[in-house]
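A.B. asks: One file: start-v2.txt (compact mmCIF, C-alpha atoms).
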```txt
# COMPACT_ATOMS: atom_id res chain seq x y z
CA MET R 338 94.35 115.65 110.05
CA ASN R 339 91.06 114.64 111.64
CA ASP R 340 88.39 117.36 111.25
CA PHE R 341 85.97 115.47 113.52
CA SER R 342 86.35 114.00 117.00
CA ASN R 343 83.52 111.44 116.81
CA TRP R 344 81.38 109.49 114.33
CA GLU R 345 78.17 111.39 115.09
CA ASP R 346 79.63 114.78 114.21
CA LEU R 347 81.39 113.40 111.15
CA ASN R 348 78.34 111.69 109.68
CA ASP R 349 76.06 114.62 110.47
CA ALA R 350 78.37 117.00 108.59
CA LEU R 351 78.79 114.54 105.74
CA VAL R 352 75.12 113.82 104.96
CA ASN R 353 74.34 117.53 105.06
CA CYS R 354 77.30 118.55 102.89
CA ARG R 355 76.57 120.82 99.89
CA LEU R 356 80.11 122.01 99.15
CA CYS R 357 80.26 120.78 95.53
CA PRO R 358 77.46 122.40 93.47
CA ARG R 359 77.87 120.10 90.45
CA LEU R 360 77.59 116.97 92.59
CA VAL R 361 74.68 118.30 94.64
CA GLU R 362 72.77 119.05 91.44
CA TRP R 363 73.52 115.66 89.90
CA ARG R 364 72.79 113.45 92.92
CA GLU R 365 69.46 115.24 93.54
CA LYS R 366 68.52 115.10 89.85
CA MET R 367 69.10 111.33 89.82
CA ALA R 368 67.03 110.98 93.01
CA ARG R 369 64.13 112.85 91.43
CA GLU R 370 64.17 111.22 88.01
CA LYS R 371 65.03 107.68 89.18
CA ARG R 372 65.69 104.62 87.07
CA ARG R 373 62.54 102.93 85.75
CA ALA R 374 63.17 99.78 87.82
CA PHE R 375 63.23 101.85 91.02
CA GLN R 376 60.37 104.29 90.37
CA SER R 377 58.49 103.18 93.48
CA GLN R 378 61.51 103.65 95.77
CA GLU R 379 62.57 106.73 97.67
CA TYR R 380 66.15 107.62 96.79
CA TRP R 381 68.66 108.65 99.45
CA GLY R 382 69.96 111.47 97.22
CA LYS R 383 72.55 112.74 99.74
CA PRO R 384 76.24 112.17 100.45
CA VAL R 385 76.83 108.57 101.54
CA PRO R 386 78.56 107.82 104.88
CA GLY R 387 81.11 105.07 105.37
CA PHE R 388 79.87 101.73 106.65
CA GLY R 389 81.32 98.96 108.78
CA ALA R 390 82.89 97.95 112.07
CA PRO R 391 84.13 100.79 114.31
CA ASP R 392 86.95 98.49 115.51
CA ALA R 393 87.94 97.52 111.95
CA ARG R 394 91.53 96.70 111.15
CA VAL R 395 90.93 97.16 107.41
CA MET R 396 89.55 100.10 105.42
CA VAL R 397 88.24 99.56 101.89
CA LEU R 398 88.40 102.73 99.80
CA GLY R 399 86.34 102.97 96.60
CA LEU R 400 85.66 105.82 94.20
CA ALA R 401 82.12 107.21 94.62
CA PRO R 402 78.46 106.21 94.99
CA GLY R 403 76.64 104.96 91.92
CA ALA R 404 73.76 107.15 90.76
CA HIS R 405 71.25 104.31 91.17
CA GLY R 406 73.20 102.25 93.70
CA SER R 407 74.44 103.98 96.85
CA ASN R 408 72.78 107.25 95.83
CA ARG R 409 69.52 105.29 95.97
CA THR R 410 70.11 103.08 99.01
CA GLY R 411 72.26 105.36 101.19
CA ARG R 412 74.92 102.75 101.92
CA MET R 413 78.28 102.13 100.28
CA PHE R 414 78.33 99.51 97.50
CA THR R 415 74.67 98.66 98.08
CA GLY R 416 72.11 98.11 95.36
CA ASP R 417 74.28 97.75 92.27
CA ALA R 418 76.47 95.22 90.43
CA SER R 419 79.71 96.39 92.07
CA GLY R 420 78.24 95.76 95.49
CA GLU R 421 76.97 92.32 94.49
CA PHE R 422 80.48 91.32 93.45
CA LEU R 423 82.15 92.93 96.48
CA TYR R 424 79.89 91.66 99.25
CA ALA R 425 79.83 88.12 97.86
CA ALA R 426 83.64 88.09 98.02
CA LEU R 427 83.68 89.58 101.53
CA HIS R 428 81.23 86.91 102.69
CA ARG R 429 83.39 84.13 101.26
CA ALA R 430 86.39 85.60 103.09
CA GLY R 431 84.53 85.98 106.40
CA PHE R 432 84.37 89.78 106.41
CA ALA R 433 80.57 89.99 105.86
CA ASN R 434 77.74 88.08 107.52
CA GLN R 435 75.79 87.64 104.27
CA PRO R 436 76.68 87.47 100.56
CA ALA R 437 74.26 90.07 99.20
CA SER R 438 73.26 93.64 99.92
CA SER R 439 70.06 95.24 98.66
CA ASP R 440 69.33 98.16 101.02
CA ARG R 441 70.71 99.75 104.17
CA ASN R 442 68.21 97.92 106.40
CA ASP R 443 68.98 94.39 105.20
CA ASN R 444 70.98 93.41 108.33
CA LEU R 445 74.31 93.28 106.53
CA LYS R 446 77.18 93.48 109.03
CA LEU R 447 80.88 93.75 108.36
CA ASN R 448 83.51 92.03 110.47
CA ASP R 449 86.85 93.81 110.96
CA LEU R 450 86.19 95.95 107.88
CA PHE R 451 85.07 99.51 107.11
CA ILE R 452 84.00 100.56 103.60
CA THR R 453 84.16 104.11 102.36
CA ALA R 454 84.94 106.13 99.22
CA VAL R 455 87.01 109.01 97.92
CA CYS R 456 83.88 110.96 96.95
CA ARG R 457 80.51 110.77 98.73
CA CYS R 458 78.15 112.06 96.04
CA ALA R 459 77.32 110.30 92.79
CA PRO R 460 79.28 112.11 90.03
CA PRO R 461 78.16 112.44 86.40
CA ASP R 462 79.69 109.63 84.30
CA ASN R 463 81.28 108.27 87.51
CA LYS R 464 84.03 110.89 87.14
CA PRO R 465 84.52 113.28 90.07
CA ALA R 466 86.53 116.42 89.34
CA ARG R 467 89.85 117.06 91.05
CA ILE R 468 88.40 119.85 93.20
CA GLU R 469 85.57 117.53 94.30
CA ILE R 470 88.02 114.82 95.30
CA ASP R 471 90.04 117.36 97.29
CA THR R 472 86.92 118.71 99.01
CA CYS R 473 85.82 115.22 100.08
CA HIS R 474 89.25 114.28 101.41
CA ARG R 475 88.31 115.57 104.87
CA TYR R 476 85.64 112.92 105.25
CA TRP R 477 87.47 109.70 104.46
CA SER R 478 90.67 110.87 106.15
CA SER R 479 88.63 111.63 109.29
CA GLU R 480 87.10 108.17 109.13
CA LEU R 481 90.57 106.73 108.91
CA ALA R 482 91.60 108.66 112.04
CA LEU R 483 88.52 107.39 113.91
CA LEU R 484 89.46 103.74 113.34
CA PRO R 485 91.84 103.07 116.27
CA ASN R 486 92.76 99.53 115.24
CA LEU R 487 93.43 100.23 111.56
CA GLN R 488 96.26 98.20 110.05
CA GLY R 489 95.71 98.44 106.30
CA ILE R 490 93.78 99.90 103.37
CA VAL R 491 92.48 98.14 100.27
CA ALA R 492 92.26 100.58 97.36
CA LEU R 493 89.60 99.66 94.81
CA GLY R 494 90.86 101.26 91.63
CA ARG R 495 93.56 103.68 90.60
CA ILE R 496 91.96 106.89 91.87
CA ALA R 497 91.54 105.50 95.39
CA PHE R 498 95.11 104.19 95.22
CA ASP R 499 96.45 107.62 94.28
CA GLU R 500 94.49 109.37 97.02
CA ILE R 501 96.06 107.20 99.69
CA PHE R 502 99.50 108.35 98.59
CA SER R 503 98.29 111.93 98.86
CA MET R 504 97.13 111.22 102.42
CA LEU R 505 100.49 109.62 103.26
CA LYS R 506 102.24 112.69 101.82
CA ILE R 507 104.46 110.61 99.57
CA THR R 508 106.03 112.88 96.98
CA THR R 509 105.67 112.52 93.22
CA SER R 510 109.33 111.56 92.91
CA GLN R 511 108.84 108.73 95.41
CA ARG R 512 105.68 107.45 93.72
CA SER R 513 107.60 105.58 91.02
CA LYS R 514 108.52 103.00 93.65
CA TYR R 515 104.83 102.17 94.18
CA PRO R 516 103.14 101.39 90.83
CA PHE R 517 99.48 100.47 90.71
CA SER R 518 98.73 96.88 89.80
CA HIS R 519 96.13 94.38 90.96
CA GLY R 520 97.42 92.64 94.09
CA ALA R 521 100.34 95.03 94.69
CA PHE R 522 101.09 95.28 98.42
CA TYR R 523 103.07 98.11 99.99
CA SER R 524 104.19 98.74 103.55
CA PHE R 525 105.26 102.16 104.84
CA GLY R 526 106.44 101.35 108.36
CA GLU R 527 104.74 100.96 111.70
CA GLU R 528 103.27 104.48 111.75
CA SER R 529 101.22 104.09 108.56
CA PRO R 530 98.72 101.48 107.32
CA TRP R 531 99.83 99.06 104.63
CA LEU R 532 98.25 99.40 101.18
CA LEU R 533 96.83 96.68 98.92
CA ALA R 534 95.75 97.58 95.39
CA SER R 535 92.83 95.98 93.55
CA TYR R 536 90.93 96.57 90.38
CA HIS R 537 87.57 98.14 91.10
CA PRO R 538 84.67 95.61 91.05
CA SER R 539 82.79 97.64 88.46
CA ARG R 540 80.54 95.94 85.94
CA GLN R 541 82.98 97.01 83.23
CA ASN R 542 85.82 95.12 84.94
CA THR R 543 83.92 92.04 86.09
CA GLN R 544 81.94 91.40 82.92
CA THR R 545 84.95 91.79 80.64
CA GLY R 546 87.04 89.39 82.72
CA ARG R 547 89.56 91.99 83.79
CA LEU R 548 88.57 91.17 87.38
CA THR R 549 87.48 87.58 88.04
CA ARG R 550 86.09 85.98 91.18
CA GLU R 551 89.39 84.16 91.67
CA MET R 552 91.41 87.36 91.34
CA PHE R 553 89.18 89.18 93.82
CA ASP R 554 89.18 86.31 96.32
CA ALA R 555 92.97 86.39 96.25
CA ILE R 556 92.84 90.03 97.41
CA TRP R 557 90.85 89.15 100.52
CA GLU R 558 93.02 86.14 101.28
CA LYS R 559 96.02 88.48 101.18
CA VAL R 560 94.19 90.83 103.55
CA ARG R 561 93.54 88.02 106.01
CA ASN R 562 97.18 86.95 105.91
CA SER R 563 98.39 90.52 106.48
CA LEU R 564 96.44 91.14 109.70
CA ILE R 565 98.20 90.76 113.03
```
Show me, as structure tokens, the structure contained in the file I just sent.
C.D. replies:
Amino acid sequence: MNDFSNWEDLNDALVNCRLCPRLVEWREKMAREKRRAFQSQEYWGKPVPGFGAPDARVMVLGLAPGAHGSNRTGRMFTGDASGEFLYAALHRAGFANQPASSDRNDNLKLNDLFITAVCRCAPPDNKPARIEIDTCHRYWSSELALLPNLQGIVALGRIAFDEIFSMLKITTSQRSKYPFSHGAFYSFGEESPWLLASYHPSRQNTQTGRLTREMFDAIWEKVRNSLI
């Protein structure tokens, strides 16, 4: 269900949200203390809105802002290693106008794509609690409803993957038919967006070789081939 009828109301409510005390405390603490490399910068320190084309046919759903990435820059997957890996791949696939993203005023534009996350505040240890995930559901599900041309969703990581099934109201007993694996593609009929699973482009995954450039490029090629 869409809690908001337009982008302005949605984003205004989102950036002013203080519903999760633990996350509010953590994101603001990180914005005050800062990482040494970013001491001269002003941190965003608020919930992070989604970013991309309002006519997008594809939604990319991640986990949450990084404490010194999106929590610093105020834009999804901007200013950290995950974003460097993601936006370079999107540029190679034609979904982004440039291969790098450093801050929210760097003229990055997305083509046919909208990027968002399950949680909008940086969580301690990158681990949002179940109640925090549930509280934030209203925001990304409203974004989904405000994308009139949406055809599919790319889930970056297992938590994002699981949340999409919750949104689709697929029961636990039915879930066994849809296991998570990198590159798994599922269709649920004309009334629902298709789902493509990917490993998250975290530093842990990319530097250990669990997610390579070739593996990630294959995801975006599959996206391109799935659009109608």
A.B. asks: Provide the CA of Gly382 (chain R) to CA of Asn348 (chain R) distance in Å, to one decimal place.
C.D. replies: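 Straight-line distance from CA of Gly382 (chain R) to CA of Asn348 (chain R) works out to 15.0 Å.
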A.B. asks: Given all atoms listed in the file as the basis, pick out the residue of R:Val560, R:Ser513, R:Asn444, R:Ala350 nearest to Arg475 (chain R).
C.D. replies: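 Once distances to Arg475 (chain R) are computed over all atoms listed in the file, the minimum belongs to R:Ala350.
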A.B. asks: Do you have the CA of Ala437 (chain R)-CA of Tyr523 (chain R) distance handy?
C.D. replies: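 Taking CA of Ala437 (chain R) as the start and CA of Tyr523 (chain R) as the end point, the length is 29.9 Å.
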A.B. asks: Within 8 Å of (76.6, 106.3, 108.7), in the coordinates the file gives, what residues turn up when you count all atoms listed in the file, written out as a PyMOL selection string?
C.D. replies: chain R and resi 348+385-388+412
A.B. asks: Next, the residues of the selection above should be written as a JSON list (two decimals), in the frame of the given file with C-alpha atoms.
C.D. replies:
```
[["chain", "number", "residue", "atom", "x", "y", "z"],
["R", 348, "ASN", "CA", 78.34, 111.69, 109.68],
["R", 385, "VAL", "CA", 76.83, 108.57, 101.54],
["R", 386, "PRO", "CA", 78.56, 107.82, 104.88],
["R", 387, "GLY", "CA", 81.11, 105.07, 105.37],
["R", 388, "PHE", "CA", 79.87, 101.73, 106.65],
["R", 412, "ARG", "CA", 74.92, 102.75, 101.92]]
```
A.B. asks: Might you pull out every residue within 8 Å of Asn408 (chain R), with only C-alpha atoms counted and same-chain residues fewer than 3 positions away left off, and present them as a count of residues only?
C.D. replies: 16
A.B. asks: Neighbouring residues of Ala534 (chain R) were defined as those with any atom within 7 Å, considering only C-alpha atoms; residues of the same chain fewer than 3 positions away were excluded. Please report them as an NGL selection string.
C.D. replies: :R and (491-493 or 498 or 517-522)
A.B. asks: Please list as a list in words every residue within 7 Å of Gly399 (chain R), counting all atoms listed in the file and excluding residues in the same chain fewer than 2 positions away.
C.D. replies: Val397, Ala401, Thr453, Ala454, Val455, Ala492, Leu493, Gly494 and Ala497 of chain R
A.B. asks: Can you write out the residues you just picked, keeping C-alpha atoms, as a PDB file, in the frame of the given file?
C.D. replies:
```pdb
ATOM      1  CA  VAL R 397      88.240  99.560 101.890  1.00  0.00           C
ATOM      2  CA  ALA R 401      82.120 107.210  94.620  1.00  0.00           C
ATOM      3  CA  THR R 453      84.160 104.110 102.360  1.00  0.00           C
ATOM      4  CA  ALA R 454      84.940 106.130  99.220  1.00  0.00           C
ATOM      5  CA  VAL R 455      87.010 109.010  97.920  1.00  0.00           C
ATOM      6  CA  ALA R 492      92.260 100.580  97.360  1.00  0.00           C
ATOM      7  CA  LEU R 493      89.600  99.660  94.810  1.00  0.00           C
ATOM      8  CA  GLY R 494      90.860 101.260  91.630  1.00  0.00           C
ATOM      9  CA  ALA R 497      91.540 105.500  95.390  1.00  0.00           C
TER      10      ALA R 497
END
```
A.B. asks: Enter the distance from CA of Leu427 (chain R) to CA of Asp440 (chain R), in Å, rounded to one decimal.
C.D. replies: 16.7 Å
A.B. asks: Residues within 12 Å of Cys357 (chain R), please, as a VMD selection string. Count only C-alpha atoms; anything in the same chain fewer than 5 positions from it doesn't count.
C.D. replies: chain R and resid 362 to 364 383 to 384 456 to 460 465 to 473
A.B. asks: Which neighbours of Pro530 (chain R) fall inside 7 Å, counting all atoms listed in the file, when residues of the same chain fewer than 5 positions from it are skipped, and could you give them as JSON, numbers by chain?
C.D. replies: {"R": [487, 488, 489, 490]}
A.B. asks: Kindly indicate which residue among R:Gln435, R:Ser478, R:Ser539, R:Asn448 lies nearest to Glu500 (chain R), using only C-alpha atoms for the distances.
C.D. replies: R:Ser478
